[in-house]
There are 2 protein chains.
Amino acid sequence: MADISLHTPYSAADVAAWDMETDIVIIGFGATGACAAIEAKQSGADVKLFERNSGSGGASGLSGGEIYLGGNGGTEVQRAAGFEDTTEDFAAYLKMAGGPCADDAKCDLYAQEAVNHFNWLKAQGVPYRGNYMAGKIIEPMDDTTLIWSGSEAAAPFYKSAKPAPRGHVIQHMGWGGGRPLVDILEAKARALGVDVIVDARAMALIKDADKIVGAIFRIDNKPVFVKARKGVVLATGGFVMNEEMRRKYCPDTFKINDPIGDKDDGTGINLGLSAGGDAIHMEQFFTTCPWTIPESHAKGVFVNIQGQRFINEDCYHGRVSRTAVDQPGDRVYLLLDSAHFEQPPEFARMTIAGTGNDWEEVERELEMAEGTLSRTMAFYNEHARAGRDPLFDKQKPILTPLDQGPFVALELHFQNSYFSFFTLGGLKTSTDGEVLDRAGAPIPGLFAAGRCTSGLPAWGHGYSSGMSLADCTFFGRQAGRKAAQG
Amino acid sequence: MADISLHTPYSAADVAAWDMETDIVIIGFGATGACAAIEAKQSGADVKLFERNSGSGGASGLSGGEIYLGGNGGTEVQRAAGFEDTTEDFAAYLKMAGGPCADDAKCDLYAQEAVNHFNWLKAQGVPYRGNYMAGKIIEPMDDTTLIWSGSEAAAPFYKSAKPAPRGHVIQHMGWGGGRPLVDILEAKARALGVDVIVDARAMALIKDADKIVGAIFRIDNKPVFVKARKGVVLATGGFVMNEEMRRKYCPDTFKINDPIGDKDDGTGINLGLSAGGDAIHMEQFFTTCPWTIPESHAKGVFVNIQGQRFINEDCYHGRVSRTAVDQPGDRVYLLLDSAHFEQPPEFARMTIAGTGNDWEEVERELEMAEGTLSRTMAFYNEHARAGRDPLFDKQKPILTPLDQGPFVALELHFQNSYFSFFTLGGLKTSTDGEVLDRAGAPIPGLFAAGRCTSGLPAWGHGYSSGMSLADCTFFGRQAGRKAAQG
């Protein structure tokens with residue numbers, strides 16, 4: 001038998017016997033794989049879905065089950081809450097959120113199709129309560145549907161795209177809606193007759209001339225050769241759990257310590273590269289430290305170790321956190337007054353680094369030079385009282401003076417506090433989920449979606465909650481449908 | 001004839017007839033290719049060196065001809081100037097300069113071998129006057145040898161590595177020593193009998209089973225098949241001139257406008273990837289706006305559009321410039337008083353954005369909020385008078401009060417000012433210049449060095465002048481020697 005490697009496609013000519021055969025092989029049973037399977041099956045294809053774990057889930061199953069949706073005047077939930085959301089505003093926001101890494105074609109298509117996608121999700125059985133909750137929340141603690149989940153109302157985004165809340169959360173009490181979301185999609189896929197094979201780890205793609213025609217899986221400790229008559233869909237997630245890949249492609253993640261993933265070790269990216277695919281924006285990552293819990297903390301002010309503010313704190317908590325990690329040194333401080341301070345949640349591992357009856361005392365406790373933090377806060381408060389933030393254009397009502405002592409500085413330490421993160425870089429794909437080669441042409445028989453690709457959530461500084469599941473579910477569907485045309 | 005592509009190795013079985021044959025094919029005739037050729041030839045191999053232009057040069061020929069050298073107690077030039085430079089200090093600096101992207105093995109080997117490398121360069125005929133010039137200069141205007149060319153004496157570097165000047169410049173009046181440097185290396189290579197073929201553009205590698213056995217060049221509008229019995233060395237430079245690659249792998253470079261390169265379009269990186277190579281740290285780039293000309297400007301203070309300082313301005317001009325490009329908005333300001341201001345050079349395209357009899361007036365002219373820039377400068381001057389920089393640990397004598405009016409703010413606009421840049425990411429190679437595959441194993445017959453690889457200058461924020469030519473010349477030699485063992 002020839003060598004089997006993630007890094008080199010196995011030649012079809014070397015396959016002694018096919019152990020299984022189907023139209024479409026899907027690798028990975030998170031939301032991406034499930035959506036690809038549903039569409040492929042509904043397009044009339046035979047589908048086998050392989051998962052390394054003993055059941056579905058992946059990183060999607062660990063998520064909040066929130067999907068970023070809008071455009072076309074708004075979803076019914078947005079409209080019921082009084083928000084109109086044009087396709088143009090939605091696309092403009094998605095492109096700003098993608099920053100220098102934005103894939104304009106994906107942003108435009110998704111902005112156009114997201115309302116249809118919402119209706120599709122409901123048709124699969126995903127329940128939505130349909131209500132809206134104002135405020136600055138990471139995920140609803142109840143079963144609310146619609147929340148502000150990004151930087152829509154904050155500078156610079158609000159200037160180029162009319163703000164609307166777009167985070168649509170599955171009806172589910174409390175955090176963790178990702179698990180029931182995947183369960184529903186799994187049930188649908190199984191009901192349609194998708195053949196699910198678990199405990200099956202992908203080892204290599206199989207190539208015949210220029211076309212990907214199957215994959216090899218390790219099942220029961222043996223290589224199993226699976227023929228895919230129409231195509232293979234990679235849906236294996238990012239590479240946050242692969243330290244060697246992070247070291248090579250995304251080394252800034254070593255500043256922080258809490259990867260979120262479920263065996264997201266870059267398998268799909270490596271398989272795609274082995275077939276001649278192109279991995280782009282590999283240095284990009286999402287991170288957040290949940291500093292907006294309790295919600296009163298959302299009104300806090302951040303300073304770096306120089307005592308300088310560095311962002312408008314009314315934008316998305318992850319954008320603030322990602323920018324925090326860019327600051328010099330190994331920590332930043334969240335400043336709060338007694339009107340806003342409450343004990344932060346233990347899991348965030350933030351500590352009280354300084355307190356004082358005035359900001360000068362906090363400054364001394366942090367061993368900052370006189371006239372740094374204290375001056376920053378005097379300036380901030382003076383302007384906040386007038387309803388303005390001349391430095392970063394933070395907006396009311398989050399913009400509010402912090403002048404009721406005593407005062408507190410919470411330390412967000414990059415290594416010690418809870419900075420969760422996952423990778424955003426991956427395979428370059430078309431809007432149909434075709435894996436593109438380095439010259440930009442589709443690789444016959446190979447498709448991918450979700451975090452093994454670079455998609456809607458392309459830029460760490462622009463991420464908004466729900467963007468990754470939006471990308472996984474929508475472009476997973478695209479990939480499944482396109483593969484079925486094979 | 002089968003398709004010929006940069007992105008897919010051509011099969012040796014499809015070669016109808018070899019047009020040329022040699023032991024080693026080198027692609028690219030900058031300093032890297034020349035050094036590889038010299039070593040390969042001196043190791044007893046037949047060498048053919050192919051260059052796309054009509055003559056040697058590449059990006060090396062556009063450079064200052066400065067090479068970063070030290071360690072082992074210092075080069076003779078360092079020692080004559082009174083600088084001891086241990087291998088440990090040199091290695092420590094190189095690793096800090098590589099930041100999260102550092103290749104420790106390359107740093108250690110180079111720190112150990114750099115003095116020998118200096119002697120080798122002299123033995124090839126590269127002249128050095130041997131004198132030292134103090135001060136903060138980009139390149140000497142005369143034919144001086146040794147200058148401070150990095151951030152050695154600045155925070156945080158000085159704390160972990162004893163500072164020494166390490167920029168060794170070829171004896172050559174004024175800027176532009178890169179051209180004579182390449183000329184000397186070319187003369188040596190030709191004298192040794194290296195066969196140089198110009199006007200030859202690389203089109204594809206040729207592969208036989210797992211080994212690279214040659215390359216295809218376009219010469220006189222025809223594909224020419226060249227057999228390499230021992231190996232192919234890629235020495236084609238980075239990808240700064242390839243906008244499509246920059247968009248995919250290094251999009252932050254679109255903030256700025258002045259690529260430095262000579263057809264550096266990523267050819268070598270693409271060829272290496274086509275053979276299964278691994279491209280790493282592709283988002284990294286060097287940039288500088290020459291703000292330390294005239295030298296009195298090195299004592300200036302930078303602020304971002306919020307009026308905040310963002311770095312100790314005594315570090316390398318490129319480190320300051322790279323950090324400047326990270327700041328919010330599209331510009332930063334260099335603040336000077338009348339004791340230090342002179343007209344900046346026209347080519348830098350910096351403009352006077354504001355003037356005033358005090359810093360408050362400058363602040364108003366820049367339309368910054370009251371108490372921002374003026375407060376930053378009051379704080380800076382107060383501490384500079386006491387010889388301290390509590391924020392960024394800038395060191396005397398560059399740390400000096402700027403309190404003699406009138407005052408000036410020079411604008412460094414990312415799009416309009418001269419921010420030159422080149423890319424640093426590229427193929428992952430061993431210390432012997434072997435191109436490594438994604439599993440970390442050498443690809444038989446394929447070698448690379450210089451800016452088509454990720455080497456000593458791996459991190460834009462840590463670059464120091466002379467690091468790229470150090471990497472090109474030293475690891476070019478390594479690749480040539482290793483290839484000759486083939």
# chains A, B, ... in the order shown; residues from 1 in each chain; ligands from 1
>>> closest_atom_pairs(of="chain A", to="chain B", cutoff="8 Å", atoms="only C-alpha atoms", output="CSV")
residue,atom,partner,partner_atom,distance
A:His7,CA,B:Arg438,CA,6.8
A:Pro100,CA,B:Pro251,CA,5.5
A:Cys101,CA,B:Pro251,CA,6.6
A:Arg247,CA,B:Cys101,CA,7.6
A:Lys248,CA,B:Ile280,CA,5.5
A:Tyr249,CA,B:His281,CA,5.6
A:Cys250,CA,B:His281,CA,7.6
A:Pro251,CA,B:Pro100,CA,5.5
A:Asp252,CA,B:Pro100,CA,6.4
A:Ser274,CA,B:Gly276,CA,7.5
A:Gly276,CA,B:Ser274,CA,7.5
A:Ile280,CA,B:Lys248,CA,5.5
A:His281,CA,B:Tyr249,CA,5.6
A:Met282,CA,B:Tyr249,CA,7.8
A:Glu283,CA,B:Glu283,CA,6.8
A:Gln306,CA,B:Leu391,CA,5.5
A:Gln308,CA,B:Gln308,CA,7.4
A:Ala369,CA,B:Pro390,CA,6.2
A:Gly371,CA,B:Phe379,CA,7.7
A:Phe379,CA,B:Gly371,CA,7.7
A:Pro390,CA,B:Ala369,CA,6.3
A:Leu391,CA,B:Gln306,CA,5.4
A:Phe392,CA,B:Gln306,CA,7.9
A:Arg438,CA,B:His7,CA,6.8
A:Ala439,CA,B:His7,CA,7.3
>>> write_last_selection(atoms="C-alpha atoms", output="mmCIF file, in the first residue's frame")
data_model
loop_
_atom_site.group_PDB
_atom_site.id
_atom_site.type_symbol
_atom_site.label_atom_id
_atom_site.label_comp_id
_atom_site.auth_asym_id
_atom_site.auth_seq_id
_atom_site.Cartn_x
_atom_site.Cartn_y
_atom_site.Cartn_z
ATOM 1 C CA HIS A 7 -0.303 16.217 2.918
ATOM 2 C CA PRO A 100 -8.553 44.017 4.715
ATOM 3 C CA CYS A 101 -9.483 40.313 4.453
ATOM 4 C CA ARG A 247 3.266 28.530 15.454
ATOM 5 C CA LYS A 248 3.748 28.630 11.689
ATOM 6 C CA TYR A 249 0.706 30.569 10.600
ATOM 7 C CA CYS A 250 -0.841 32.380 13.551
ATOM 8 C CA PRO A 251 1.822 32.867 16.215
ATOM 9 C CA ASP A 252 0.164 35.854 17.878
ATOM 10 C CA SER A 274 -2.621 18.691 -0.408
ATOM 11 C CA GLY A 276 -3.416 22.257 -4.483
ATOM 12 C CA ILE A 280 -5.351 32.612 3.033
ATOM 13 C CA HIS A 281 -5.422 35.047 5.964
ATOM 14 C CA MET A 282 -3.992 32.326 8.165
ATOM 15 C CA GLU A 283 -2.790 34.853 10.762
ATOM 16 C CA GLN A 306 0.660 53.346 29.392
ATOM 17 C CA GLN A 308 -3.974 55.305 27.317
ATOM 18 C CA ALA A 369 3.390 57.422 36.243
ATOM 19 C CA GLY A 371 -0.744 62.023 35.206
ATOM 20 C CA PHE A 379 -10.340 63.895 30.060
ATOM 21 C CA PRO A 390 -13.403 63.234 21.055
ATOM 22 C CA LEU A 391 -10.817 60.442 20.894
ATOM 23 C CA PHE A 392 -12.776 57.394 19.784
ATOM 24 C CA ARG A 438 -3.504 29.104 -6.150
ATOM 25 C CA ALA A 439 -4.329 30.279 -9.638
#
>>> select_by_dssp(residues="stretch 43-262 of chain B", states="strand (DSSP E)", output="number ranges by chain")
B: 47-50, 66-68, 146-147, 167-169, 195-197, 201-208, 211-219, 222-234, 258-259
>>> residues_around(residues="B:Leu234", least_positions_apart="3", cutoff="10 Å", atoms="only C-alpha atoms", output="PDB file with N, CA and C atoms, in the first residue's frame")
ATOM      1  N   VAL B  25      20.603  23.955 -10.551  1.00  0.00           N
ATOM      2  CA  VAL B  25      19.924  25.097 -11.160  1.00  0.00           C
ATOM      3  C   VAL B  25      19.613  26.097 -10.058  1.00  0.00           C
ATOM      4  N   ILE B  26      20.049  27.326 -10.249  1.00  0.00           N
ATOM      5  CA  ILE B  26      19.704  28.392  -9.308  1.00  0.00           C
ATOM      6  C   ILE B  26      18.799  29.375 -10.031  1.00  0.00           C
ATOM      7  N   ILE B  27      17.717  29.759  -9.376  1.00  0.00           N
ATOM      8  CA  ILE B  27      16.762  30.676 -10.008  1.00  0.00           C
ATOM      9  C   ILE B  27      16.797  32.012  -9.282  1.00  0.00           C
ATOM     10  N   GLY B  28      17.292  33.034  -9.957  1.00  0.00           N
ATOM     11  CA  GLY B  28      17.337  34.377  -9.380  1.00  0.00           C
ATOM     12  C   GLY B  28      18.762  34.808  -9.098  1.00  0.00           C
ATOM     13  N   THR B  32      21.303  36.423  -2.990  1.00  0.00           N
ATOM     14  CA  THR B  32      21.064  35.036  -2.599  1.00  0.00           C
ATOM     15  C   THR B  32      21.561  34.074  -3.659  1.00  0.00           C
ATOM     16  N   GLY B  33      21.122  34.283  -4.877  1.00  0.00           N
ATOM     17  CA  GLY B  33      21.512  33.391  -5.967  1.00  0.00           C
ATOM     18  C   GLY B  33      23.012  33.396  -6.194  1.00  0.00           C
ATOM     19  N   ALA B  36      24.666  31.419  -3.353  1.00  0.00           N
ATOM     20  CA  ALA B  36      24.399  29.990  -3.540  1.00  0.00           C
ATOM     21  C   ALA B  36      25.269  29.438  -4.656  1.00  0.00           C
ATOM     22  N   ALA B 202      11.466  31.694 -14.922  1.00  0.00           N
ATOM     23  CA  ALA B 202      11.085  30.361 -14.436  1.00  0.00           C
ATOM     24  C   ALA B 202       9.591  30.144 -14.627  1.00  0.00           C
ATOM     25  N   GLY B 231      19.997  19.406  -7.732  1.00  0.00           N
ATOM     26  CA  GLY B 231      18.941  20.173  -7.076  1.00  0.00           C
ATOM     27  C   GLY B 231      18.673  21.519  -7.711  1.00  0.00           C
ATOM     28  N   GLY B 237      13.325  36.033  -4.380  1.00  0.00           N
ATOM     29  CA  GLY B 237      12.782  37.174  -3.638  1.00  0.00           C
ATOM     30  C   GLY B 237      11.341  36.965  -3.200  1.00  0.00           C
ATOM     31  N   THR B 267       7.299  34.258  -7.415  1.00  0.00           N
ATOM     32  CA  THR B 267       7.560  33.082  -8.259  1.00  0.00           C
ATOM     33  C   THR B 267       8.153  31.927  -7.452  1.00  0.00           C
ATOM     34  N   GLY B 268       9.156  32.219  -6.654  1.00  0.00           N
ATOM     35  CA  GLY B 268       9.814  31.148  -5.891  1.00  0.00           C
ATOM     36  C   GLY B 268       8.899  30.534  -4.858  1.00  0.00           C
ATOM     37  N   ILE B 269       8.093  31.385  -4.222  1.00  0.00           N
ATOM     38  CA  ILE B 269       7.147  30.861  -3.232  1.00  0.00           C
ATOM     39  C   ILE B 269       6.146  29.946  -3.918  1.00  0.00           C
ATOM     40  N   LEU B 271       6.528  28.303  -6.744  1.00  0.00           N
ATOM     41  CA  LEU B 271       7.201  27.075  -7.168  1.00  0.00           C
ATOM     42  C   LEU B 271       7.390  26.139  -5.976  1.00  0.00           C
ATOM     43  N   GLY B 272       7.805  26.710  -4.851  1.00  0.00           N
ATOM     44  CA  GLY B 272       8.006  25.881  -3.655  1.00  0.00           C
ATOM     45  C   GLY B 272       6.705  25.247  -3.191  1.00  0.00           C
ATOM     46  N   LEU B 427       8.707  30.568   2.108  1.00  0.00           N
ATOM     47  CA  LEU B 427       8.844  29.130   2.307  1.00  0.00           C
ATOM     48  C   LEU B 427       9.538  28.823   3.625  1.00  0.00           C
ATOM     49  N   GLY B 433      18.907  25.359   4.155  1.00  0.00           N
ATOM     50  CA  GLY B 433      18.238  25.857   2.963  1.00  0.00           C
ATOM     51  C   GLY B 433      17.378  24.829   2.246  1.00  0.00           C
ATOM     52  N   VAL B 435      14.002  23.171   1.334  1.00  0.00           N
ATOM     53  CA  VAL B 435      12.583  23.528   1.423  1.00  0.00           C
ATOM     54  C   VAL B 435      11.854  22.397   2.133  1.00  0.00           C
ATOM     55  N   LEU B 446      15.066  20.237  -3.602  1.00  0.00           N
ATOM     56  CA  LEU B 446      14.578  21.624  -3.628  1.00  0.00           C
ATOM     57  C   LEU B 446      15.122  22.437  -2.445  1.00  0.00           C
ATOM     58  N   PHE B 447      15.709  23.566  -2.792  1.00  0.00           N
ATOM     59  CA  PHE B 447      16.363  24.436  -1.814  1.00  0.00           C
ATOM     60  C   PHE B 447      15.889  25.871  -2.050  1.00  0.00           C
ATOM     61  N   ALA B 448      16.021  26.703  -1.024  1.00  0.00           N
ATOM     62  CA  ALA B 448      15.608  28.101  -1.193  1.00  0.00           C
ATOM     63  C   ALA B 448      16.286  28.956  -0.134  1.00  0.00           C
ATOM     64  N   ALA B 449      16.430  30.235  -0.441  1.00  0.00           N
ATOM     65  CA  ALA B 449      16.954  31.191   0.533  1.00  0.00           C
ATOM     66  C   ALA B 449      16.533  32.593   0.128  1.00  0.00           C
ATOM     67  N   GLY B 450      16.746  33.522   1.054  1.00  0.00           N
ATOM     68  CA  GLY B 450      16.368  34.912   0.804  1.00  0.00           C
ATOM     69  C   GLY B 450      14.888  35.121   0.998  1.00  0.00           C
ATOM     70  N   ARG B 451      14.365  36.168   0.365  1.00  0.00           N
ATOM     71  CA  ARG B 451      12.997  36.598   0.672  1.00  0.00           C
ATOM     72  C   ARG B 451      11.898  35.726   0.103  1.00  0.00           C
ATOM     73  N   CYS B 452      12.248  34.677  -0.654  1.00  0.00           N
ATOM     74  CA  CYS B 452      11.199  33.692  -0.958  1.00  0.00           C
ATOM     75  C   CYS B 452      11.054  32.705   0.191  1.00  0.00           C
ATOM     76  N   THR B 453      11.835  32.909   1.256  1.00  0.00           N
ATOM     77  CA  THR B 453      11.696  32.103   2.469  1.00  0.00           C
ATOM     78  C   THR B 453      11.371  33.018   3.650  1.00  0.00           C
ATOM     79  N   GLY B 476      21.798  31.772   1.575  1.00  0.00           N
ATOM     80  CA  GLY B 476      22.071  31.466   0.167  1.00  0.00           C
ATOM     81  C   GLY B 476      23.268  30.530   0.063  1.00  0.00           C
ATOM     82  N   ALA B 479      22.319  27.050   1.274  1.00  0.00           N
ATOM     83  CA  ALA B 479      21.517  26.313   0.286  1.00  0.00           C
ATOM     84  C   ALA B 479      22.394  25.795  -0.844  1.00  0.00           C
TER      85      ALA B 479
END
>>> residues_around(residues="B:Thr288", least_positions_apart="2", cutoff="6 Å", atoms="only C-alpha atoms", output="JSON, numbers by chain")
{"B": [318, 321, 419, 420]}
>>> select_by_dssp(residues="stretch 235-462 of chain B", states="helix (DSSP H, G or I)", output="PyMOL selection string")
chain B and resi 243-249+251-255+267-274+295-299+317-325+346-348+359-365+373-385+450-452+460-462
>>> write_last_selection(atoms="C-alpha atoms", output="PDB file, in the first residue's frame")
ATOM      1  CA  GLU B 243      -0.903  42.480  -5.805  1.00  0.00           C
ATOM      2  CA  GLU B 244      -3.022  39.360  -5.963  1.00  0.00           C
ATOM      3  CA  MET B 245      -0.745  37.517  -3.541  1.00  0.00           C
ATOM      4  CA  ARG B 246      -0.609  40.548  -1.267  1.00  0.00           C
ATOM      5  CA  ARG B 247      -4.414  40.665  -1.234  1.00  0.00           C
ATOM      6  CA  LYS B 248      -4.592  37.023  -0.190  1.00  0.00           C
ATOM      7  CA  TYR B 249      -1.701  36.788   2.214  1.00  0.00           C
ATOM      8  CA  PRO B 251      -3.514  42.661   2.873  1.00  0.00           C
ATOM      9  CA  ASP B 252      -2.319  45.185   5.448  1.00  0.00           C
ATOM     10  CA  THR B 253       0.250  46.309   2.881  1.00  0.00           C
ATOM     11  CA  PHE B 254      -2.563  48.040   0.998  1.00  0.00           C
ATOM     12  CA  LYS B 255      -2.540  50.683   3.703  1.00  0.00           C
ATOM     13  CA  THR B 267       7.560  33.082  -8.259  1.00  0.00           C
ATOM     14  CA  GLY B 268       9.814  31.148  -5.891  1.00  0.00           C
ATOM     15  CA  ILE B 269       7.147  30.861  -3.232  1.00  0.00           C
ATOM     16  CA  ASN B 270       4.668  29.538  -5.764  1.00  0.00           C
ATOM     17  CA  LEU B 271       7.201  27.075  -7.168  1.00  0.00           C
ATOM     18  CA  GLY B 272       8.006  25.881  -3.655  1.00  0.00           C
ATOM     19  CA  LEU B 273       4.331  25.479  -2.831  1.00  0.00           C
ATOM     20  CA  SER B 274       3.794  23.572  -6.058  1.00  0.00           C
ATOM     21  CA  GLU B 295      19.187  63.107  11.831  1.00  0.00           C
ATOM     22  CA  SER B 296      17.894  65.774  14.231  1.00  0.00           C
ATOM     23  CA  HIS B 297      14.404  64.415  13.517  1.00  0.00           C
ATOM     24  CA  ALA B 298      15.372  61.184  15.274  1.00  0.00           C
ATOM     25  CA  LYS B 299      14.767  63.152  18.466  1.00  0.00           C
ATOM     26  CA  HIS B 317      13.007  53.785  12.183  1.00  0.00           C
ATOM     27  CA  GLY B 318      11.330  50.785  10.561  1.00  0.00           C
ATOM     28  CA  ARG B 319       9.988  49.522  13.866  1.00  0.00           C
ATOM     29  CA  VAL B 320       8.514  52.950  14.522  1.00  0.00           C
ATOM     30  CA  SER B 321       7.070  53.087  11.010  1.00  0.00           C
ATOM     31  CA  ARG B 322       5.610  49.581  11.215  1.00  0.00           C
ATOM     32  CA  THR B 323       3.971  50.427  14.527  1.00  0.00           C
ATOM     33  CA  ALA B 324       2.749  53.704  13.050  1.00  0.00           C
ATOM     34  CA  VAL B 325       0.885  51.782  10.349  1.00  0.00           C
ATOM     35  CA  GLU B 346      11.204  65.736  -0.616  1.00  0.00           C
ATOM     36  CA  PHE B 347      11.151  62.029  -1.456  1.00  0.00           C
ATOM     37  CA  ALA B 348       9.676  61.246   1.961  1.00  0.00           C
ATOM     38  CA  TRP B 359       1.944  72.735  21.585  1.00  0.00           C
ATOM     39  CA  GLU B 360      -1.602  73.932  22.280  1.00  0.00           C
ATOM     40  CA  GLU B 361      -1.548  75.849  19.027  1.00  0.00           C
ATOM     41  CA  VAL B 362      -0.253  72.812  17.111  1.00  0.00           C
ATOM     42  CA  GLU B 363      -3.039  70.764  18.674  1.00  0.00           C
ATOM     43  CA  ARG B 364      -5.632  73.256  17.462  1.00  0.00           C
ATOM     44  CA  GLU B 365      -4.147  73.341  13.972  1.00  0.00           C
ATOM     45  CA  LEU B 373      -1.424  66.343  22.003  1.00  0.00           C
ATOM     46  CA  SER B 374      -0.564  69.317  24.227  1.00  0.00           C
ATOM     47  CA  ARG B 375      -0.922  67.215  27.356  1.00  0.00           C
ATOM     48  CA  THR B 376       1.118  64.393  25.780  1.00  0.00           C
ATOM     49  CA  MET B 377       3.931  66.846  25.076  1.00  0.00           C
ATOM     50  CA  ALA B 378       3.761  68.532  28.478  1.00  0.00           C
ATOM     51  CA  PHE B 379       4.087  65.108  30.095  1.00  0.00           C
ATOM     52  CA  TYR B 380       6.872  64.078  27.734  1.00  0.00           C
ATOM     53  CA  ASN B 381       8.873  67.276  28.232  1.00  0.00           C
ATOM     54  CA  GLU B 382       8.472  67.257  31.986  1.00  0.00           C
ATOM     55  CA  HIS B 383       9.955  63.769  32.182  1.00  0.00           C
ATOM     56  CA  ALA B 384      12.495  64.239  29.391  1.00  0.00           C
ATOM     57  CA  ARG B 385      13.962  67.127  31.346  1.00  0.00           C
ATOM     58  CA  GLY B 450      16.368  34.912   0.804  1.00  0.00           C
ATOM     59  CA  ARG B 451      12.997  36.598   0.672  1.00  0.00           C
ATOM     60  CA  CYS B 452      11.199  33.692  -0.958  1.00  0.00           C
ATOM     61  CA  GLY B 460       7.907  43.348  10.549  1.00  0.00           C
ATOM     62  CA  HIS B 461       8.011  44.938  13.994  1.00  0.00           C
ATOM     63  CA  GLY B 462      11.508  43.608  14.690  1.00  0.00           C
TER      64      GLY B 462
END
>>> atom_distance(atom1="atom CA of A:Leu334", atom2="atom CA of A:Val408")
8.2 Å
>>> residues_around(residues="B:Ala114", least_positions_apart="2", cutoff="9 Å", atoms="only C-alpha atoms", output="MDAnalysis selection string")
chainID B and resid 68:72 75 109:112 116:119 470 474
>>> decode(residues="stretch 87-99 of chain B", atoms="N, CA and C atoms", output="PDB file, in the first residue's frame")
ATOM      1  N   THR B  87      28.139  35.976  21.151  1.00  0.00           N
ATOM      2  CA  THR B  87      27.211  35.171  20.349  1.00  0.00           C
ATOM      3  C   THR B  87      25.848  35.103  21.032  1.00  0.00           C
ATOM      4  N   GLU B  88      25.868  35.033  22.363  1.00  0.00           N
ATOM      5  CA  GLU B  88      24.614  34.933  23.120  1.00  0.00           C
ATOM      6  C   GLU B  88      23.788  36.220  22.961  1.00  0.00           C
ATOM      7  N   ASP B  89      24.457  37.366  23.088  1.00  0.00           N
ATOM      8  CA  ASP B  89      23.734  38.635  22.922  1.00  0.00           C
ATOM      9  C   ASP B  89      23.194  38.775  21.500  1.00  0.00           C
ATOM     10  N   PHE B  90      24.018  38.377  20.552  1.00  0.00           N
ATOM     11  CA  PHE B  90      23.595  38.483  19.156  1.00  0.00           C
ATOM     12  C   PHE B  90      22.395  37.574  18.897  1.00  0.00           C
ATOM     13  N   ALA B  91      22.479  36.342  19.362  1.00  0.00           N
ATOM     14  CA  ALA B  91      21.360  35.407  19.160  1.00  0.00           C
ATOM     15  C   ALA B  91      20.099  35.911  19.865  1.00  0.00           C
ATOM     16  N   ALA B  92      20.292  36.448  21.077  1.00  0.00           N
ATOM     17  CA  ALA B  92      19.124  36.945  21.823  1.00  0.00           C
ATOM     18  C   ALA B  92      18.453  38.089  21.063  1.00  0.00           C
ATOM     19  N   TYR B  93      19.277  38.973  20.505  1.00  0.00           N
ATOM     20  CA  TYR B  93      18.690  40.077  19.731  1.00  0.00           C
ATOM     21  C   TYR B  93      17.957  39.561  18.506  1.00  0.00           C
ATOM     22  N   LEU B  94      18.583  38.646  17.786  1.00  0.00           N
ATOM     23  CA  LEU B  94      17.945  38.106  16.571  1.00  0.00           C
ATOM     24  C   LEU B  94      16.596  37.471  16.902  1.00  0.00           C
ATOM     25  N   LYS B  95      16.531  36.771  18.028  1.00  0.00           N
ATOM     26  CA  LYS B  95      15.267  36.112  18.395  1.00  0.00           C
ATOM     27  C   LYS B  95      14.212  37.149  18.782  1.00  0.00           C
ATOM     28  N   MET B  96      14.610  38.182  19.527  1.00  0.00           N
ATOM     29  CA  MET B  96      13.638  39.239  19.852  1.00  0.00           C
ATOM     30  C   MET B  96      13.174  39.931  18.571  1.00  0.00           C
ATOM     31  N   ALA B  97      14.102  40.109  17.641  1.00  0.00           N
ATOM     32  CA  ALA B  97      13.759  40.782  16.385  1.00  0.00           C
ATOM     33  C   ALA B  97      12.823  39.922  15.535  1.00  0.00           C
ATOM     34  N   GLY B  98      12.888  38.607  15.735  1.00  0.00           N
ATOM     35  CA  GLY B  98      11.984  37.705  15.021  1.00  0.00           C
ATOM     36  C   GLY B  98      10.627  37.611  15.690  1.00  0.00           C
ATOM     37  N   GLY B  99      10.555  38.090  16.924  1.00  0.00           N
ATOM     38  CA  GLY B  99       9.288  38.129  17.651  1.00  0.00           C
ATOM     39  C   GLY B  99       8.581  36.787  17.621  1.00  0.00           C
TER      40      GLY B  99
END
